[in-house]
file query-v2.pdb (PDB, C-alpha atoms)
ATOM      1  CA  MET Z   1       5.200  26.830  13.384
ATOM      2  CA  SER Z   2       6.861  26.322  10.059
ATOM      3  CA  GLU Z   3       5.994  24.206   7.064
ATOM      4  CA  PRO Z   4       7.029  20.558   6.772
ATOM      5  CA  THR Z   5       9.902  20.048   4.346
ATOM      6  CA  LEU Z   6      10.551  17.408   1.705
ATOM      7  CA  LEU Z   7      12.679  15.435   4.156
ATOM      8  CA  HIS Z   8       9.762  15.008   6.565
ATOM      9  CA  PHE Z   9       7.668  13.292   3.911
ATOM     10  CA  LEU Z  10      10.543  11.155   2.658
ATOM     11  CA  ILE Z  11      11.269   9.897   6.172
ATOM     12  CA  LEU Z  12       7.586   9.089   6.681
ATOM     13  CA  GLY Z  13       7.769   7.119   3.436
ATOM     14  CA  ALA Z  14      10.860   5.290   4.701
ATOM     15  CA  ILE Z  15       9.097   4.412   7.990
ATOM     16  CA  LEU Z  16       6.060   2.988   6.189
ATOM     17  CA  PHE Z  17       8.285   1.121   3.711
ATOM     18  CA  ALA Z  18      10.378  -0.435   6.506
ATOM     19  CA  LEU Z  19       7.268  -1.526   8.408
ATOM     20  CA  GLY Z  20       5.826  -2.977   5.213
ATOM     21  CA  ILE Z  21       8.974  -5.020   4.567
ATOM     22  CA  PHE Z  22       8.891  -6.238   8.175
ATOM     23  CA  GLY Z  23       5.310  -7.444   7.745
ATOM     24  CA  LEU Z  24       6.139  -9.009   4.391
ATOM     25  CA  LEU Z  25       9.002 -10.998   5.934
ATOM     26  CA  THR Z  26       7.295 -12.126   9.133
ATOM     27  CA  ARG Z  27       3.570 -12.597   8.453
ATOM     28  CA  ARG Z  28       2.333 -16.180   8.093
ATOM     29  CA  ASN Z  29      -1.153 -15.268   6.987
ATOM     30  CA  ALA Z  30      -1.364 -14.612   3.230
ATOM     31  CA  VAL Z  31      -3.838 -11.763   3.747
ATOM     32  CA  GLY Z  32      -1.367 -10.197   6.190
ATOM     33  CA  VAL Z  33       1.309 -10.351   3.504
ATOM     34  CA  LEU Z  34      -1.033  -8.576   1.072
ATOM     35  CA  MET Z  35      -1.733  -5.865   3.663
ATOM     36  CA  SER Z  36       2.021  -5.303   4.073
ATOM     37  CA  ILE Z  37       2.298  -4.913   0.305
ATOM     38  CA  GLU Z  38      -0.366  -2.201   0.466
ATOM     39  CA  LEU Z  39       1.821  -0.384   3.009
ATOM     40  CA  LEU Z  40       4.742  -0.551   0.572
ATOM     41  CA  PHE Z  41       2.597   0.891  -2.236
ATOM     42  CA  ASN Z  42       1.512   3.742   0.027
ATOM     43  CA  ALA Z  43       5.094   4.554   1.018
ATOM     44  CA  ALA Z  44       6.087   4.787  -2.648
ATOM     45  CA  ALA Z  45       3.062   6.937  -3.452
ATOM     46  CA  ILE Z  46       3.846   9.370  -0.613
ATOM     47  CA  ASN Z  47       7.350   9.798  -2.032
ATOM     48  CA  PHE Z  48       5.970  10.443  -5.526
ATOM     49  CA  VAL Z  49       3.496  13.073  -4.300
ATOM     50  CA  ALA Z  50       6.132  14.764  -2.114
ATOM     51  CA  PHE Z  51       8.507  15.004  -5.073
ATOM     52  CA  ALA Z  52       5.644  16.345  -7.174
ATOM     53  CA  LYS Z  53       5.255  19.220  -4.730
ATOM     54  CA  TYR Z  54       8.857  20.044  -3.860
ATOM     55  CA  VAL Z  55      11.088  18.989  -6.759
ATOM     56  CA  ALA Z  56       9.050  19.105  -9.983
ATOM     57  CA  PRO Z  57       5.903  21.137  -9.264
ATOM     58  CA  ASP Z  58       5.183  22.364 -12.796
ATOM     59  CA  GLY Z  59       4.692  18.949 -14.437
ATOM     60  CA  LEU Z  60       2.629  17.180 -11.769
ATOM     61  CA  ALA Z  61       4.172  13.919 -13.023
ATOM     62  CA  GLY Z  62       4.411  12.602  -9.453
ATOM     63  CA  GLN Z  63       0.685  12.858  -8.863
ATOM     64  CA  VAL Z  64      -0.059  11.147 -12.192
ATOM     65  CA  PHE Z  65       2.215   8.275 -11.223
ATOM     66  CA  ALA Z  66       0.626   8.053  -7.782
ATOM     67  CA  ILE Z  67      -2.701   7.513  -9.547
ATOM     68  CA  PHE Z  68      -1.114   4.700 -11.559
ATOM     69  CA  ILE Z  69       0.272   3.198  -8.332
ATOM     70  CA  ILE Z  70      -3.200   3.165  -6.782
ATOM     71  CA  THR Z  71      -4.623   1.521  -9.916
ATOM     72  CA  VAL Z  72      -1.970  -1.185  -9.903
ATOM     73  CA  ALA Z  73      -2.562  -1.715  -6.172
ATOM     74  CA  ALA Z  74      -6.243  -2.328  -6.845
ATOM     75  CA  ALA Z  75      -5.421  -4.848  -9.579
ATOM     76  CA  GLU Z  76      -2.894  -6.549  -7.307
ATOM     77  CA  ALA Z  77      -5.390  -6.807  -4.454
ATOM     78  CA  ALA Z  78      -8.014  -8.393  -6.717
ATOM     79  CA  VAL Z  79      -5.656 -11.020  -8.152
ATOM     80  CA  GLY Z  80      -3.889 -11.642  -4.825
ATOM     81  CA  LEU Z  81      -7.081 -12.186  -2.889
ATOM     82  CA  SER Z  82      -8.478 -14.551  -5.506
ATOM     83  CA  ILE Z  83      -5.247 -16.568  -5.214
ATOM     84  CA  VAL Z  84      -5.757 -16.570  -1.428
ATOM     85  CA  MET Z  85      -9.277 -17.936  -1.870
ATOM     86  CA  LEU Z  86      -7.984 -20.650  -4.208
ATOM     87  CA  LEU Z  87      -5.271 -21.616  -1.701
ATOM     88  CA  TYR Z  88      -7.836 -21.790   1.084
ATOM     89  CA  ARG Z  89     -10.054 -24.033  -1.028
ATOM     90  CA  ASN Z  90      -7.220 -26.424  -1.861
ATOM     91  CA  PHE Z  91      -5.186 -26.439   1.355
ATOM     92  CA  LYS Z  92      -7.754 -25.526   4.039
ATOM     93  CA  GLY Z  93      -5.405 -22.837   5.311
ATOM     94  CA  ILE Z  94      -3.556 -19.759   4.123
ATOM     95  CA  GLU Z  95      -0.321 -19.999   6.114
ATOM     96  CA  VAL Z  96       2.286 -19.146   3.510
ATOM     97  CA  ASP Z  97       5.021 -21.246   5.120
ATOM     98  CA  LYS Z  98       2.874 -24.387   4.855
ATOM     99  CA  ILE Z  99       2.199 -23.873   1.165
ATOM    100  CA  ASN Z 100       5.535 -25.141  -0.141
ATOM    101  CA  PHE Z 101       4.426 -27.691  -2.711
ATOM    102  CA  MET Z 102       6.338 -25.814  -5.433
ATOM    103  CA  LYS Z 103       9.555 -26.029  -3.440
ATOM    104  CA  TRP Z 104      11.907 -28.534  -4.904
TER     105      TRP Z 104
ATOM    106  CA  MET I   1       0.528  24.814  12.067
ATOM    107  CA  ASN I   2       1.054  22.611   9.032
ATOM    108  CA  LEU I   3       4.020  21.004  10.739
ATOM    109  CA  LEU I   4       1.835  20.127  13.720
ATOM    110  CA  ILE I   5      -0.772  18.555  11.421
ATOM    111  CA  PHE I   6       1.996  16.662   9.636
ATOM    112  CA  TYR I   7       3.375  15.239  12.880
ATOM    113  CA  THR I   8      -0.089  14.186  14.030
ATOM    114  CA  LEU I   9      -0.894  12.440  10.746
ATOM    115  CA  ALA I  10       2.561  10.870  10.451
ATOM    116  CA  GLY I  11       2.360   9.619  14.036
ATOM    117  CA  ILE I  12      -1.047   8.035  13.475
ATOM    118  CA  ALA I  13       0.126   6.502  10.186
ATOM    119  CA  SER I  14       3.345   5.054  11.658
ATOM    120  CA  ILE I  15       1.780   3.680  14.844
ATOM    121  CA  SER I  16      -1.136   2.081  13.052
ATOM    122  CA  ALA I  17       1.220   0.665  10.395
ATOM    123  CA  LEU I  18       3.193  -0.895  13.254
ATOM    124  CA  MET I  19      -0.079  -2.352  14.531
ATOM    125  CA  VAL I  20      -0.859  -3.710  11.048
ATOM    126  CA  VAL I  21       2.340  -5.740  10.942
ATOM    127  CA  THR I  22       2.497  -6.864  14.580
ATOM    128  CA  LEU I  23      -1.030  -7.534  15.886
ATOM    129  CA  LYS I  24      -2.000 -11.130  16.509
ATOM    130  CA  ASN I  25      -5.552 -10.822  15.306
ATOM    131  CA  ILE I  26      -5.503 -10.351  11.527
ATOM    132  CA  PHE I  27      -8.920  -8.701  11.564
ATOM    133  CA  HIS I  28      -7.666  -5.962  13.896
ATOM    134  CA  SER I  29      -4.705  -5.492  11.533
ATOM    135  CA  ALA I  30      -7.148  -4.836   8.700
ATOM    136  CA  LEU I  31      -8.938  -2.189  10.782
ATOM    137  CA  PHE I  32      -5.624  -0.501  11.600
ATOM    138  CA  LEU I  33      -4.786  -0.598   7.887
ATOM    139  CA  VAL I  34      -7.895   1.533   7.325
ATOM    140  CA  LEU I  35      -6.553   4.056   9.852
ATOM    141  CA  THR I  36      -3.140   4.133   8.138
ATOM    142  CA  LEU I  37      -4.701   4.691   4.725
ATOM    143  CA  PHE I  38      -6.893   7.489   6.071
ATOM    144  CA  SER I  39      -3.929   9.340   7.533
ATOM    145  CA  VAL I  40      -2.003   8.882   4.279
ATOM    146  CA  ALA I  41      -4.987  10.561   2.576
ATOM    147  CA  GLY I  42      -4.545  13.434   5.044
ATOM    148  CA  ILE I  43      -0.855  13.605   4.081
ATOM    149  CA  TYR I  44      -1.925  13.930   0.434
ATOM    150  CA  VAL I  45      -4.157  16.877   1.319
ATOM    151  CA  LEU I  46      -1.200  18.445   3.107
ATOM    152  CA  LEU I  47       0.856  17.996  -0.073
ATOM    153  CA  GLY I  48      -1.784  19.757  -2.173
ATOM    154  CA  ALA I  49      -3.074  16.616  -3.894
ATOM    155  CA  GLU I  50      -6.780  16.773  -3.087
ATOM    156  CA  PHE I  51      -7.845  14.523  -5.947
ATOM    157  CA  LEU I  52      -5.401  11.833  -4.847
ATOM    158  CA  ALA I  53      -6.737  12.049  -1.299
ATOM    159  CA  ALA I  54     -10.252  11.448  -2.573
ATOM    160  CA  VAL I  55      -9.071   8.563  -4.757
ATOM    161  CA  GLN I  56      -7.177   7.114  -1.786
ATOM    162  CA  VAL I  57     -10.288   7.121   0.385
ATOM    163  CA  LEU I  58     -12.509   5.764  -2.381
ATOM    164  CA  ILE I  59     -10.258   3.001  -3.692
ATOM    165  CA  TYR I  60      -8.095   2.006  -0.735
ATOM    166  CA  VAL I  61     -10.436   2.530   2.183
ATOM    167  CA  GLY I  62     -13.611   1.853   0.244
ATOM    168  CA  ALA I  63     -12.614  -1.044  -1.956
ATOM    169  CA  ILE I  64      -9.295  -2.705  -1.121
ATOM    170  CA  THR I  65      -9.710  -3.000   2.644
ATOM    171  CA  ILE I  66     -13.275  -4.234   2.189
ATOM    172  CA  LEU I  67     -11.869  -6.936  -0.115
ATOM    173  CA  MET I  68      -9.261  -7.778   2.530
ATOM    174  CA  ILE I  69     -11.887  -8.037   5.262
ATOM    175  CA  PHE I  70     -14.012 -10.244   3.025
ATOM    176  CA  ALA I  71     -11.025 -12.509   2.391
ATOM    177  CA  ILE I  72     -10.256 -12.685   6.130
ATOM    178  CA  MET I  73     -13.853 -13.613   6.943
ATOM    179  CA  LEU I  74     -14.087 -16.185   4.145
ATOM    180  CA  THR I  75     -10.827 -17.862   5.167
ATOM    181  CA  HIS I  76     -11.454 -17.607   8.883
ATOM    182  CA  GLN I  77     -10.885 -20.792  10.830
ATOM    183  CA  LEU I  78     -12.184 -21.516  14.281
ATOM    184  CA  TYR I  79      -8.749 -22.274  15.608
ATOM    185  CA  SER I  80      -6.998 -19.363  13.912
ATOM    186  CA  ARG I  81      -7.101 -17.352  17.122
ATOM    187  CA  ASN I  82      -4.531 -19.735  18.600
ATOM    188  CA  LEU I  83      -2.491 -19.904  15.420
ATOM    189  CA  ARG I  84       0.931 -18.292  15.425
ATOM    190  CA  GLN I  85       0.713 -15.258  13.135
ATOM    191  CA  VAL I  86       4.436 -14.664  12.610
ATOM    192  CA  ASN I  87       7.127 -17.049  11.417
ATOM    193  CA  GLU I  88      10.405 -17.788  13.184
ATOM    194  CA  GLN I  89      12.333 -15.053  11.346
ATOM    195  CA  VAL I  90      11.103 -12.107  13.414
ATOM    196  CA  LEU I  91      14.495 -11.196  14.885
ATOM    197  CA  PRO I  92      16.543 -11.344  11.647
ATOM    198  CA  ALA I  93      13.767  -9.497   9.833
ATOM    199  CA  ALA I  94      13.656  -6.773  12.496
ATOM    200  CA  PHE I  95      17.434  -6.403  12.307
ATOM    201  CA  ILE I  96      17.485  -6.148   8.521
ATOM    202  CA  VAL I  97      14.568  -3.720   8.439
ATOM    203  CA  LEU I  98      16.196  -1.522  11.074
ATOM    204  CA  LEU I  99      19.435  -1.548   9.082
ATOM    205  CA  PHE I 100      17.522  -0.651   5.926
ATOM    206  CA  PHE I 101      15.719   2.163   7.704
ATOM    207  CA  VAL I 102      18.864   3.678   9.199
ATOM    208  CA  LEU I 103      20.675   3.460   5.867
ATOM    209  CA  SER I 104      17.840   5.022   3.921
ATOM    210  CA  VAL I 105      17.360   7.871   6.407
ATOM    211  CA  PHE I 106      21.100   8.490   6.306
ATOM    212  CA  THR I 107      20.976   8.650   2.511
ATOM    213  CA  LEU I 108      17.880  10.867   2.501
ATOM    214  CA  VAL I 109      19.516  13.341   4.890
ATOM    215  CA  LYS I 110      22.817  13.361   3.008
ATOM    216  CA  THR I 111      21.364  13.850  -0.466
ATOM    217  CA  ALA I 112      21.108  17.405  -1.790
ATOM    218  CA  TRP I 113      17.623  17.442  -3.314
ATOM    219  CA  PRO I 114      17.189  19.740  -6.314
ATOM    220  CA  LEU I 115      14.373  21.712  -4.708
ATOM    221  CA  SER I 116      12.286  23.842  -7.023
ATOM    222  CA  GLN I 117      10.899  27.218  -6.023
ATOM    223  CA  ASN I 118       8.014  27.007  -8.498
ATOM    224  CA  GLN I 119       4.480  26.625  -7.263
ATOM    225  CA  MET I 120       2.137  23.859  -8.258
ATOM    226  CA  PRO I 121      -0.576  24.855 -10.743
ATOM    227  CA  ALA I 122      -3.430  26.465  -8.829
ATOM    228  CA  ASN I 123      -6.096  24.389 -10.554
ATOM    229  CA  ASN I 124      -4.613  21.062  -9.577
ATOM    230  CA  ILE I 125      -7.384  18.675 -10.574
ATOM    231  CA  PHE I 126      -7.950  20.358 -13.932
ATOM    232  CA  GLU I 127      -4.235  20.073 -14.729
ATOM    233  CA  LEU I 128      -4.178  16.418 -13.651
ATOM    234  CA  GLY I 129      -7.055  15.547 -15.958
ATOM    235  CA  ARG I 130      -5.468  17.399 -18.850
ATOM    236  CA  LEU I 131      -2.154  15.551 -18.329
ATOM    237  CA  LEU I 132      -3.853  12.144 -18.147
ATOM    238  CA  MET I 133      -5.568  12.779 -21.477
ATOM    239  CA  SER I 134      -2.598  14.323 -23.289
ATOM    240  CA  GLU I 135       0.945  13.601 -22.153
ATOM    241  CA  TYR I 136       0.253  10.418 -20.206
ATOM    242  CA  VAL I 137      -2.434   8.961 -22.435
ATOM    243  CA  ILE I 138      -0.424   5.827 -23.292
ATOM    244  CA  PRO I 139       0.315   4.847 -19.655
ATOM    245  CA  PHE I 140      -3.330   5.622 -18.953
ATOM    246  CA  GLU I 141      -4.470   3.142 -21.604
ATOM    247  CA  VAL I 142      -1.927   0.540 -20.482
ATOM    248  CA  VAL I 143      -3.127   0.804 -16.903
ATOM    249  CA  SER I 144      -6.722   0.293 -18.028
ATOM    250  CA  ILE I 145      -5.615  -2.878 -19.819
ATOM    251  CA  VAL I 146      -3.902  -3.961 -16.590
ATOM    252  CA  LEU I 147      -7.179  -3.482 -14.731
ATOM    253  CA  LEU I 148      -9.076  -5.479 -17.367
ATOM    254  CA  VAL I 149      -6.523  -8.305 -17.210
ATOM    255  CA  ALA I 150      -6.688  -8.323 -13.404
ATOM    256  CA  LEU I 151     -10.484  -8.484 -13.541
ATOM    257  CA  ILE I 152     -10.474 -11.443 -15.932
ATOM    258  CA  GLY I 153      -7.593 -13.075 -14.060
ATOM    259  CA  ALA I 154      -9.355 -12.850 -10.717
ATOM    260  CA  ILE I 155     -12.470 -14.488 -12.187
ATOM    261  CA  VAL I 156     -10.486 -17.247 -13.921
ATOM    262  CA  ILE I 157      -8.383 -18.012 -10.841
ATOM    263  CA  SER I 158     -11.195 -18.177  -8.315
ATOM    264  CA  ARG I 159     -13.713 -20.013 -10.510
ATOM    265  CA  ARG I 160     -14.390 -23.660  -9.732
ATOM    266  CA  ASP I 161     -13.639 -26.303 -12.352
ATOM    267  CA  LYS I 162     -16.523 -28.230 -13.916
ATOM    268  CA  GLU I 163     -15.640 -31.629 -12.439
ATOM    269  CA  GLU I 164     -15.004 -30.013  -9.055
ATOM    270  CA  THR I 165     -18.522 -28.597  -8.883
ATOM    271  CA  SER I 166     -20.210 -31.782 -10.082
ATOM    272  CA  LYS I 167     -18.879 -33.969  -7.296
TER     273      LYS I 167
END

call {"tool": "encode", "arguments": {"input": "query-v2.pdb", "output": "structure tokens"}}
result
Amino acid sequence: MSEPTLLHFLILGAILFALGIFGLLTRRNAVGVLMSIELLFNAAAINFVAFAKYVAPDGLAGQVFAIFIITVAAAEAAVGLSIVMLLYRNFKGIEVDKINFMKW
Amino acid sequence: MNLLIFYTLAGIASISALMVVTLKNIFHSALFLVLTLFSVAGIYVLLGAEFLAAVQVLIYVGAITILMIFAIMLTHQLYSRNLRQVNEQVLPAAFIVLLFFVLSVFTLVKTAWPLSQNQMPANNIFELGRLLMSEYVIPFEVVSIVLLVALIGAIVISRRDKEETSK
């Protein structure tokens, strides 16, 4: 058995990214949308770490940026979920297609 | 051997990610999200990023999914089991996503990546800490401000107003 190449990891990232976009476009539950966004973050982070190993191994910049991605994901989850709680309190539901009061 | 491990982890990650976006019960989606994040942590180990794998398990699996599950339980409605979980754009979305996937795989295969023959530094975690405190110290500080702002923002957004609590 040989080693996995850069392409393997990039295609895995593409699969996760595509599934995340699918969830983002089709989910009605706001928490489901946030979970799809987490999938997108993970796909991007896998690409960064793969490039850090195969393309620019001496700087480790990819791993540093993956840490920043995880930090931003944590911040996004905190703010997003508090918005979800606020929506639930005001609308008694978190179906994103019902919450269209800002639509002109 | 490593290739076999990669295929196992990638298979688990892809299938459970599919479950995350398609399952009807949102709580089961959250549990499958945990599985996806765990196998992504395994992928990080395979890529020689042990510290990132630990951070992934601690922050994603330990904190973010717990937050998600809390939010699901707090916003749970008795009738939500019968509620439609997807909107009416499933078919166009699937088509566009498939198109995107095929295009991106095509591009990834066609591109000549400038592969480097160098090895990663042996003491990975040491090097990462040194970089965060020297070369990347400004992004590091900015990201800590982002976390602080998110913390304050989450409190401000989810707090009840005075008149709302009095009635």

call {"tool": "interface_residues", "arguments": {"input": "query-v2.pdb", "of": "chain I", "to": "chain Z", "cutoff": "7 Å", "atoms": "all atoms listed in the file", "output": "JSON list (two decimals) with C-alpha atoms, keeping the file's coordinate frame"}}
result
[["chain", "number", "residue", "atom", "x", "y", "z"],
["I", 1, "MET", "CA", 0.53, 24.81, 12.07],
["I", 2, "ASN", "CA", 1.05, 22.61, 9.03],
["I", 3, "LEU", "CA", 4.02, 21.00, 10.74],
["I", 6, "PHE", "CA", 2.00, 16.66, 9.64],
["I", 10, "ALA", "CA", 2.56, 10.87, 10.45],
["I", 14, "SER", "CA", 3.34, 5.05, 11.66],
["I", 17, "ALA", "CA", 1.22, 0.66, 10.40],
["I", 18, "LEU", "CA", 3.19, -0.90, 13.25],
["I", 21, "VAL", "CA", 2.34, -5.74, 10.94],
["I", 26, "ILE", "CA", -5.50, -10.35, 11.53],
["I", 47, "LEU", "CA", 0.86, 18.00, -0.07],
["I", 52, "LEU", "CA", -5.40, 11.83, -4.85],
["I", 64, "ILE", "CA", -9.30, -2.70, -1.12],
["I", 68, "MET", "CA", -9.26, -7.78, 2.53],
["I", 71, "ALA", "CA", -11.02, -12.51, 2.39],
["I", 72, "ILE", "CA", -10.26, -12.68, 6.13],
["I", 75, "THR", "CA", -10.83, -17.86, 5.17],
["I", 85, "GLN", "CA", 0.71, -15.26, 13.14],
["I", 86, "VAL", "CA", 4.44, -14.66, 12.61],
["I", 87, "ASN", "CA", 7.13, -17.05, 11.42],
["I", 89, "GLN", "CA", 12.33, -15.05, 11.35],
["I", 90, "VAL", "CA", 11.10, -12.11, 13.41],
["I", 93, "ALA", "CA", 13.77, -9.50, 9.83],
["I", 94, "ALA", "CA", 13.66, -6.77, 12.50],
["I", 97, "VAL", "CA", 14.57, -3.72, 8.44],
["I", 101, "PHE", "CA", 15.72, 2.16, 7.70],
["I", 105, "VAL", "CA", 17.36, 7.87, 6.41],
["I", 114, "PRO", "CA", 17.19, 19.74, -6.31],
["I", 115, "LEU", "CA", 14.37, 21.71, -4.71],
["I", 116, "SER", "CA", 12.29, 23.84, -7.02],
["I", 118, "ASN", "CA", 8.01, 27.01, -8.50],
["I", 119, "GLN", "CA", 4.48, 26.62, -7.26],
["I", 120, "MET", "CA", 2.14, 23.86, -8.26],
["I", 121, "PRO", "CA", -0.58, 24.86, -10.74],
["I", 128, "LEU", "CA", -4.18, 16.42, -13.65],
["I", 143, "VAL", "CA", -3.13, 0.80, -16.90],
["I", 147, "LEU", "CA", -7.18, -3.48, -14.73],
["I", 150, "ALA", "CA", -6.69, -8.32, -13.40],
["I", 153, "GLY", "CA", -7.59, -13.08, -14.06],
["I", 154, "ALA", "CA", -9.36, -12.85, -10.72],
["I", 157, "ILE", "CA", -8.38, -18.01, -10.84],
["I", 158, "SER", "CA", -11.20, -18.18, -8.32]]

call {"tool": "residues_near_point", "arguments": {"input": "query-v2.pdb", "point": "(-3.8, 3.2, 10.9)", "cutoff": "9 Å", "atoms": "all atoms listed in the file", "output": "list in words"}}
result
Ile12, Ala13, Ser14, Ile15, Ser16, Ala17, Leu18, Met19, Val20, Ser29, Ala30, Leu31, Phe32, Leu33, Val34, Leu35, Thr36, Leu37, Phe38, Ser39 and Val40 of chain I

call {"tool": "write_last_selection", "arguments": {"input": "query-v2.pdb", "atoms": "C-alpha atoms", "output": "mmCIF file, in the frame of the given file"}}
result
data_model
loop_
_atom_site.group_PDB
_atom_site.id
_atom_site.type_symbol
_atom_site.label_atom_id
_atom_site.label_comp_id
_atom_site.auth_asym_id
_atom_site.auth_seq_id
_atom_site.Cartn_x
_atom_site.Cartn_y
_atom_site.Cartn_z
ATOM 1 C CA ILE I 12 -1.047 8.035 13.475
ATOM 2 C CA ALA I 13 0.126 6.502 10.186
ATOM 3 C CA SER I 14 3.345 5.054 11.658
ATOM 4 C CA ILE I 15 1.780 3.680 14.844
ATOM 5 C CA SER I 16 -1.136 2.081 13.052
ATOM 6 C CA ALA I 17 1.220 0.665 10.395
ATOM 7 C CA LEU I 18 3.193 -0.895 13.254
ATOM 8 C CA MET I 19 -0.079 -2.352 14.531
ATOM 9 C CA VAL I 20 -0.859 -3.710 11.048
ATOM 10 C CA SER I 29 -4.705 -5.492 11.533
ATOM 11 C CA ALA I 30 -7.148 -4.836 8.700
ATOM 12 C CA LEU I 31 -8.938 -2.189 10.782
ATOM 13 C CA PHE I 32 -5.624 -0.501 11.600
ATOM 14 C CA LEU I 33 -4.786 -0.598 7.887
ATOM 15 C CA VAL I 34 -7.895 1.533 7.325
ATOM 16 C CA LEU I 35 -6.553 4.056 9.852
ATOM 17 C CA THR I 36 -3.140 4.133 8.138
ATOM 18 C CA LEU I 37 -4.701 4.691 4.725
ATOM 19 C CA PHE I 38 -6.893 7.489 6.071
ATOM 20 C CA SER I 39 -3.929 9.340 7.533
ATOM 21 C CA VAL I 40 -2.003 8.882 4.279
#

call {"tool": "atom_distance", "arguments": {"input": "query-v2.pdb", "atom1": "CA of Ala54 (chain I)", "atom2": "CA of Phe126 (chain I)"}}
result
14.6 Å

call {"tool": "closest_residue", "arguments": {"input": "query-v2.pdb", "among": "I:Ile43, I:Leu23, I:Ala49, I:Val57", "to": "Thr8 (chain I)", "atoms": "all atoms listed in the file"}}
result
I:Ile43

call {"tool": "closest_residue", "arguments": {"input": "query-v2.pdb", "among": "I:Tyr60, I:Phe95, I:Phe106, I:Phe100", "to": "Phe41 (chain Z)", "atoms": "all atoms listed in the file"}}
result
I:Tyr60

call {"tool": "atom_distance", "arguments": {"input": "query-v2.pdb", "atom1": "CA of Phe27 (chain I)", "atom2": "CA of Met102 (chain Z)"}}
result
28.5 Å

call {"tool": "atom_distance", "arguments": {"input": "query-v2.pdb", "atom1": "CA of Thr65 (chain I)", "atom2": "CA of Ala53 (chain I)"}}
result
15.8 Å

call {"tool": "closest_residue", "arguments": {"input": "query-v2.pdb", "among": "I:Ala41, I:Thr22, I:Ala63, I:Val109", "to": "Leu9 (chain I)", "atoms": "all atoms listed in the file"}}
result
I:Ala41

call {"tool": "closest_residue", "arguments": {"input": "query-v2.pdb", "among": "I:Glu88, I:Glu141, I:His76, I:Leu98", "to": "Asn25 (chain I)", "atoms": "only C-alpha atoms"}}
result
I:His76
